[in-house]
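See below for the structure under consideration.
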Amino acid sequence: MEMEYVNEHIGRKIKDLRNRNGLTQQELADRTELTKGFISQLERGQVSPSIVTLLDLIECLGTTASEFFKEAEEEHIVYSEEGFFEKVDEAGNSIQWIVPTAQRYRMEPLLVALNPHQSLEEDKPHDGEEFGYLITGRLKLYLGDKAYQVKSGESFYYPANRRHRIENPGSKPARFVWVSTPPTF
């Protein structure tokens with residue numbers, strides 16, 4: 001790694017931390033017994049601080065050296081089928097967790113394949129909401145004491161605070177995307 005790049009990288013991180021802490025360059029300079037000019041040059045990558053000075057700056061900015069130098073994990077945006085987790089029951093119905101780390105997020109998207117005349121286990125009332133989009137087939141959605149017919153190309157959305165169950169009353173498999181919030185698995 002070129003020294004110029006390292007200086008720019010360190011300077012950018014110092015500036016970001018200083019701004020997050022609501023400090024001016026002068027306030028950071030006063031806390032570290034450095035000059036405002038040095039802080040300004042450092043943030044622009046024009047000077048290279050000594051290790052002692054850098055560690056002092058990091059401490060004054062409320063972090064540790066390991067956190068400061070830790071590279072951020074690359075944000076995972078696209079998930080492929082190789083990473084999906086699938087559960088198949090005795091009747092051959094399939095549930096795929098299509099975002100494997102969904103427990104860390106607010107939504108849990110699933111891809112469900114429900115064979116003819118099969119139903120998923122009834123879900124007891126819980127906090128959150130559920131959404132579904134039927135790709136192929138037909139579904140019957142039981143919500144509390146009511147039943148709703150869902151056709152291919154239609155979607156459903158409901159608060160999950162009542163008993164609910166999904167079944168395939170048709171003679172062909174049904175495939176649908178099902179999103180639950182918060183994640184339940």
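Residue numbering restarts at 1 in every chain; chains get A, B, ... in the order shown in the structure tokens, and ligands count up from 1 in that same order.
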
Exercise: Gln96 in chain A partners within 10 Å, only C-alpha atoms, chain neighbours under 6 positions left out, as a ChimeraX atom specification: /A:81,84-88,109-113,177-178

Let's see if you can do this: from backbone DSSP, list all strand (DSSP E) residues in range 27-155 of chain A, as a ChimeraX atom specification. /A:85-88,94-97,108-114,129-136,138-143,146-151,155

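Counting only C-alpha atoms, Glu4 in chain A has the following residues at most 9 Å away, ignoring those fewer than 4 positions along the same chain: A:Glu8, A:His9, A:Gly45, A:Gln46, A:Ser48.
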
Shell around range 19-21 of chain A at 10 Å using only C-alpha atoms, local window under 4 positions removed, as an NGL selection string: :A and (13-15 or 25 or 28 or 60-62)

Would you kindly return, as a list in words, each protein, DNA or RNA residue with an atom no farther than 8 Å from any atom of Glu122 in chain A, considering only C-alpha atoms and excluding same-chain residues fewer than 3 positions away?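 Everything that qualifies: Arg163, His164, Arg165 and Ile166 of chain A.
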
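Around Arg44 in chain A, within 8 Å and counting only C-alpha atoms, the residues found are Glu8, Gly11, Arg12, Ser40, Gln41, Leu42 and Gln46 of chain A, once anything fewer than 2 positions away on its own chain is removed.
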
Let me make sure I understand: among A:Ser180, A:Gln26, A:Asn168, A:Gln149, which one has the smallest atom-to-atom distance to Asn93 in chain A if we use only C-alpha atoms?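 Among the listed residues, A:Asn168 lies closest to Asn93 in chain A.
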
If we count only C-alpha atoms, what is near Thr181 in chain A at a cut-off of 6 Å, once residues fewer than 4 positions away on the same chain are taken out, given as a ChimeraX atom specification? /A:106-107,128-129

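Note that CA of Glu167 in chain A and CA of Lys140 in chain A are 5.3 Å apart.
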
Write out as an NGL selection string the set of residues from range 6-79 of chain A that DSSP, computed on the backbone, places in helix (DSSP H, G or I). :A and (6-20 or 25-32 or 36-43 or 51-60 or 65-69)

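Straight-line separation from CA of Pro183 in chain A to CA of Glu67 in chain A: 29.1 Å.
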